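Engineer: Coordinates in target_36.csv, CSV, C-alpha atoms, are listed below.
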chain,number,residue,atom,x,y,z
A,1,MET,CA,-52.1,-48.9,-24.4
A,2,ASN,CA,-50.7,-45.6,-23.2
A,3,LYS,CA,-47.2,-45.6,-21.7
A,4,THR,CA,-47.1,-45.0,-17.9
A,5,ASN,CA,-44.5,-43.0,-16.1
A,6,ALA,CA,-42.9,-46.3,-15.0
A,7,MET,CA,-42.7,-47.6,-18.6
A,8,ARG,CA,-41.2,-44.3,-19.8
A,9,GLN,CA,-38.5,-44.5,-17.0
A,10,LEU,CA,-37.7,-48.1,-17.9
A,11,ASP,CA,-37.5,-47.2,-21.6
A,12,ALA,CA,-35.2,-44.3,-20.9
A,13,ALA,CA,-32.9,-46.7,-18.9
A,14,LYS,CA,-33.1,-49.2,-21.8
A,15,ILE,CA,-34.6,-51.9,-19.5
A,16,LYS,CA,-36.8,-54.4,-21.3
A,17,TYR,CA,-40.2,-55.3,-19.9
A,18,THR,CA,-43.4,-57.0,-21.1
A,19,PRO,CA,-46.6,-55.3,-20.2
A,20,CYS,CA,-49.2,-57.7,-18.9
A,21,GLU,CA,-52.7,-56.2,-19.1
A,22,TYR,CA,-55.7,-57.5,-17.1
A,23,GLU,CA,-59.3,-56.6,-16.4
A,24,VAL,CA,-59.6,-54.5,-13.3
A,25,ASP,CA,-62.1,-55.6,-10.7
A,26,GLU,CA,-62.6,-52.8,-8.2
A,27,ASN,CA,-64.0,-55.3,-5.8
A,28,ASP,CA,-60.8,-57.3,-5.8
A,29,LEU,CA,-57.6,-55.4,-6.2
A,30,SER,CA,-55.6,-58.2,-4.6
A,31,GLY,CA,-52.3,-59.3,-6.1
A,32,THR,CA,-53.5,-62.9,-6.2
A,33,HIS,CA,-56.5,-61.9,-8.4
A,34,ILE,CA,-54.0,-60.1,-10.7
A,35,ALA,CA,-51.8,-63.1,-10.8
A,36,ASP,CA,-54.7,-65.3,-11.8
A,37,CYS,CA,-55.7,-62.9,-14.5
A,38,ILE,CA,-52.3,-62.7,-16.1
A,39,GLY,CA,-51.6,-66.4,-15.6
A,40,LEU,CA,-48.5,-66.2,-13.5
A,41,PRO,CA,-47.6,-68.0,-10.2
A,42,TYR,CA,-48.2,-65.9,-7.1
A,43,ASP,CA,-44.5,-65.9,-6.2
A,44,LYS,CA,-43.7,-63.9,-9.4
A,45,VAL,CA,-46.3,-61.2,-8.9
A,46,PHE,CA,-45.1,-58.6,-6.5
A,47,LYS,CA,-47.2,-56.0,-4.7
A,48,THR,CA,-45.8,-52.7,-3.4
A,49,ILE,CA,-46.3,-51.6,0.2
A,50,VAL,CA,-45.4,-48.1,1.3
A,51,THR,CA,-44.6,-47.6,4.9
A,52,ARG,CA,-43.7,-44.9,7.3
A,53,SER,CA,-40.9,-45.6,9.8
A,54,ASP,CA,-40.2,-44.0,13.2
A,55,ARG,CA,-36.6,-43.1,12.2
A,56,SER,CA,-36.0,-43.1,8.5
A,57,GLY,CA,-39.2,-41.8,6.9
A,58,ILE,CA,-40.9,-43.5,4.0
A,59,VAL,CA,-39.7,-47.1,3.1
A,60,VAL,CA,-41.0,-49.2,0.2
A,61,PHE,CA,-41.4,-52.9,0.2
A,62,CYS,CA,-42.1,-55.3,-2.7
A,63,ILE,CA,-43.3,-58.7,-1.7
A,64,PRO,CA,-45.0,-61.7,-3.4
A,65,CYS,CA,-48.7,-61.0,-3.8
A,66,HIS,CA,-49.8,-64.0,-1.7
A,67,LYS,CA,-47.6,-63.0,1.3
A,68,GLU,CA,-48.0,-60.5,4.1
A,69,ILE,CA,-45.3,-58.1,5.3
A,70,ASP,CA,-43.9,-58.8,8.7
A,71,LEU,CA,-43.6,-55.2,10.1
A,72,LYS,CA,-41.2,-56.3,12.9
A,73,LYS,CA,-38.8,-58.0,10.5
A,74,ALA,CA,-39.1,-55.1,8.0
A,75,ALA,CA,-38.4,-52.6,10.8
A,76,ALA,CA,-35.4,-54.5,12.0
A,77,VAL,CA,-33.9,-54.8,8.4
A,78,THR,CA,-34.3,-51.0,8.0
A,79,GLY,CA,-32.9,-50.0,11.3
A,80,ASN,CA,-36.2,-48.8,12.7
A,81,LYS,CA,-38.2,-49.8,15.8
A,82,ARG,CA,-41.6,-49.4,14.1
A,83,LEU,CA,-43.1,-49.3,10.6
A,84,GLU,CA,-46.7,-48.9,9.6
A,85,PRO,CA,-48.3,-48.8,6.2
A,86,VAL,CA,-49.2,-45.3,5.1
A,87,ALA,CA,-52.9,-44.5,4.9
A,88,VAL,CA,-54.4,-45.0,1.4
A,89,LYS,CA,-55.4,-41.3,1.4
A,90,GLU,CA,-51.7,-40.4,1.6
A,91,LEU,CA,-50.4,-42.7,-1.1
A,92,LEU,CA,-51.1,-40.4,-4.1
A,93,GLY,CA,-49.4,-37.4,-2.5
A,94,LEU,CA,-46.4,-39.3,-1.4
A,95,THR,CA,-45.8,-41.6,-4.4
A,96,GLY,CA,-47.9,-40.2,-7.3
A,97,TYR,CA,-49.7,-43.6,-7.4
A,98,ILE,CA,-53.0,-44.9,-6.2
A,99,ARG,CA,-53.9,-48.1,-4.3
A,100,GLY,CA,-53.9,-51.0,-6.8
A,101,GLY,CA,-51.5,-49.2,-9.1
A,102,CYS,CA,-48.5,-48.4,-6.9
A,103,SER,CA,-45.2,-49.2,-8.6
A,104,PRO,CA,-41.7,-49.1,-7.1
A,105,VAL,CA,-40.7,-47.5,-10.4
A,106,GLY,CA,-41.2,-43.8,-10.9
A,107,MET,CA,-42.4,-42.6,-7.5
A,108,LYS,CA,-42.3,-38.9,-6.9
A,109,LYS,CA,-39.2,-39.3,-4.7
A,110,LYS,CA,-36.7,-42.1,-4.5
A,111,PHE,CA,-37.4,-43.9,-1.3
A,112,PRO,CA,-35.4,-46.8,0.3
A,113,THR,CA,-36.8,-49.9,-1.4
A,114,TYR,CA,-36.6,-53.6,-0.3
A,115,PHE,CA,-37.7,-56.7,-2.3
A,116,ASP,CA,-38.5,-59.8,-0.3
A,117,ALA,CA,-35.6,-62.2,-0.3
A,118,SER,CA,-37.7,-64.8,-2.2
A,119,ALA,CA,-37.1,-62.7,-5.3
A,120,GLU,CA,-33.5,-63.9,-5.3
A,121,ASN,CA,-34.8,-67.3,-6.6
A,122,LEU,CA,-36.6,-65.7,-9.6
A,123,ASP,CA,-35.3,-64.8,-13.1
A,124,GLU,CA,-38.2,-62.5,-13.7
A,125,LEU,CA,-41.1,-61.0,-11.8
A,126,THR,CA,-43.9,-58.4,-12.2
A,127,VAL,CA,-44.5,-55.1,-10.5
A,128,SER,CA,-47.3,-52.6,-11.2
A,129,ALA,CA,-46.9,-50.4,-14.2
A,130,GLY,CA,-48.2,-47.5,-12.1
A,131,VAL,CA,-51.8,-47.9,-13.0
A,132,LYS,CA,-54.5,-50.5,-12.3
A,133,GLY,CA,-54.8,-52.9,-15.2
A,134,ILE,CA,-51.1,-53.3,-16.2
A,135,GLN,CA,-48.2,-55.3,-14.6
A,136,LEU,CA,-44.7,-55.1,-15.9
A,137,LEU,CA,-42.8,-58.4,-16.3
A,138,LEU,CA,-39.1,-57.9,-16.2
A,139,LYS,CA,-35.8,-59.4,-15.1
A,140,ARG,CA,-35.3,-59.5,-11.4
A,141,GLU,CA,-31.8,-58.0,-11.6
A,142,ASP,CA,-33.0,-55.1,-13.7
A,143,ILE,CA,-35.7,-54.0,-11.3
A,144,ILE,CA,-33.4,-54.4,-8.3
A,145,ARG,CA,-30.7,-52.4,-10.0
A,146,PHE,CA,-33.1,-49.7,-11.3
A,147,THR,CA,-34.8,-49.1,-8.0
A,148,GLY,CA,-31.6,-49.5,-5.9
A,149,ALA,CA,-33.4,-52.1,-3.9
A,150,ARG,CA,-32.0,-54.5,-1.4
A,151,LEU,CA,-33.1,-58.0,-0.8
A,152,ALA,CA,-34.3,-58.9,2.7
A,153,ASP,CA,-36.6,-61.4,4.5
A,154,VAL,CA,-39.6,-59.2,5.2
A,155,THR,CA,-42.5,-61.5,4.9
A,156,ALA,CA,-44.5,-63.4,7.6
Kindly transcribe the structure held in the file into structure tokens.

Structural biologist:
Amino acid sequence: MNKTNAMRQLDAAKIKYTPCEYEVDENDLSGTHIADCIGLPYDKVFKTIVTRSDRSGIVVFCIPCHKEIDLKKAAAVTGNKRLEPVAVKELLGLTGYIRGGCSPVGMKKKFPTYFDASAENLDELTVSAGVKGIQLLLKREDIIRFTGARLADVTA
């Protein structure tokens, strides 16, 4: 397995992680499919959603794969009136990542990042390694600290 940018950044920060490889199904890029493939409960597999706000620009959210973001809650938490997910065609240019392989670690720029409050109950969780086919299992406190994320109730 080749190291991804996310892995290299975590290595440089001396943060331990376990890569979890899975077979990519282009017809099903859902987080629940990934969780099933790697054998973890849905609440431990987090998906990354990149949004554009009306006041503060790009904001990143990481939520459990089986949940949906509540854009009104998320906007309120970030001090915005409105948020909308960025278009898939914009994702690579903004983050350096593609749909199905977007990680909160190693984006082109450091954006404000929020993890759903449910993460507080977990010792460890996974996020994308920055490519389709690999998730990174790591301690919750490590990913929160590394990304500078805040915990907030942002799911429906």

Engineer: Do you have the atom CA of A:Val88-atom CA of A:Gly57 distance handy?

Structural biologist: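 Answer for the atom CA of A:Val88 to atom CA of A:Gly57 separation: 16.5 Å.
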
Engineer: Residues of stretch 80-123 of chain A within 12 Å of stretch 7-28 of chain A: nearest atom pair and distance (Å, one decimal) for each, counting all atoms listed in the file, sorted by chain and number, as a Markdown table?

Structural biologist:
| residue | atom | partner | partner_atom | distance |
| --- | --- | --- | --- | --- |
| A:Arg99 | CA | A:Glu26 | CA | 10.6 |
| A:Gly100 | CA | A:Glu26 | CA | 9.0 |
| A:Gly101 | CA | A:Val24 | CA | 10.6 |
| A:Ser103 | CA | A:Met7 | CA | 10.4 |
| A:Pro104 | CA | A:Gln9 | CA | 11.4 |
| A:Val105 | CA | A:Gln9 | CA | 7.6 |
| A:Gly106 | CA | A:Gln9 | CA | 6.7 |
| A:Met107 | CA | A:Gln9 | CA | 10.4 |

Engineer: Find, counting all atoms listed in the file, the residue in A:Ser118, A:Thr4, A:Thr147, A:Asn80 that gets nearest to A:Tyr42.

Structural biologist: A:Ser118

Engineer: If we count all atoms listed in the file and set the cut-off at 10 Å, which residues sit around stretch 91-94 of chain A, ignoring sequence neighbours fewer than 5 positions away in its own chain? Please answer as a list of chain:residue names.

Structural biologist: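 What passes the distance filter is A:Ile49, A:Val50, A:Thr51, A:Ile58, A:Pro85, A:Val86, A:Arg99, A:Cys102, A:Met107, A:Lys108, A:Lys109.
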
Engineer: How far is it from atom CA of A:Lys89 to atom CA of A:Gln135, in Å with one decimal?

Structural biologist: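 Separation between atom CA of A:Lys89 and atom CA of A:Gln135: 22.4 Å.
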
Engineer: Write out as a PyMOL selection string which residues come within 10 Å of A:Phe115 when counting all atoms listed in the file, dropping same-chain ones fewer than 3 positions away.

Structural biologist: chain A and resi 46-48+60-64+104+118-120+140+143-144+147+149-155

Engineer: In Å, rounded to a single decimal, give me how far atom CA of A:Cys65 is from atom CA of A:Asp43.

Structural biologist: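 Atom CA of A:Cys65 lies at a distance of 6.9 Å from atom CA of A:Asp43.
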
Engineer: Measuring atom to atom with all atoms listed in the file, identify which of A:Arg52, A:Lys73, A:Lys44, A:Lys139 is nearest to A:Gly31.

Structural biologist: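 Closest candidate: A:Lys44.
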
Engineer: Determine the nearest neighbour of A:Leu29 from the options A:Val131, A:Leu137, A:Val59, A:Leu71, counting only C-alpha atoms.

Structural biologist: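 So, comparing all the options, the nearest one is A:Val131.
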
Engineer: Which one is closest to A:Leu122: A:Met1, A:Glu84, A:Ile134, A:Glu141? Count all atoms listed in the file.

Structural biologist: A:Glu141

Engineer: Skip A:Pro41 itself and residues of its chain fewer than 4 positions away, then list as a ChimeraX atom specification all residues within 10 Å of it, counting all atoms listed in the file.

Structural biologist: /A:32,35-36,45,64-66,125
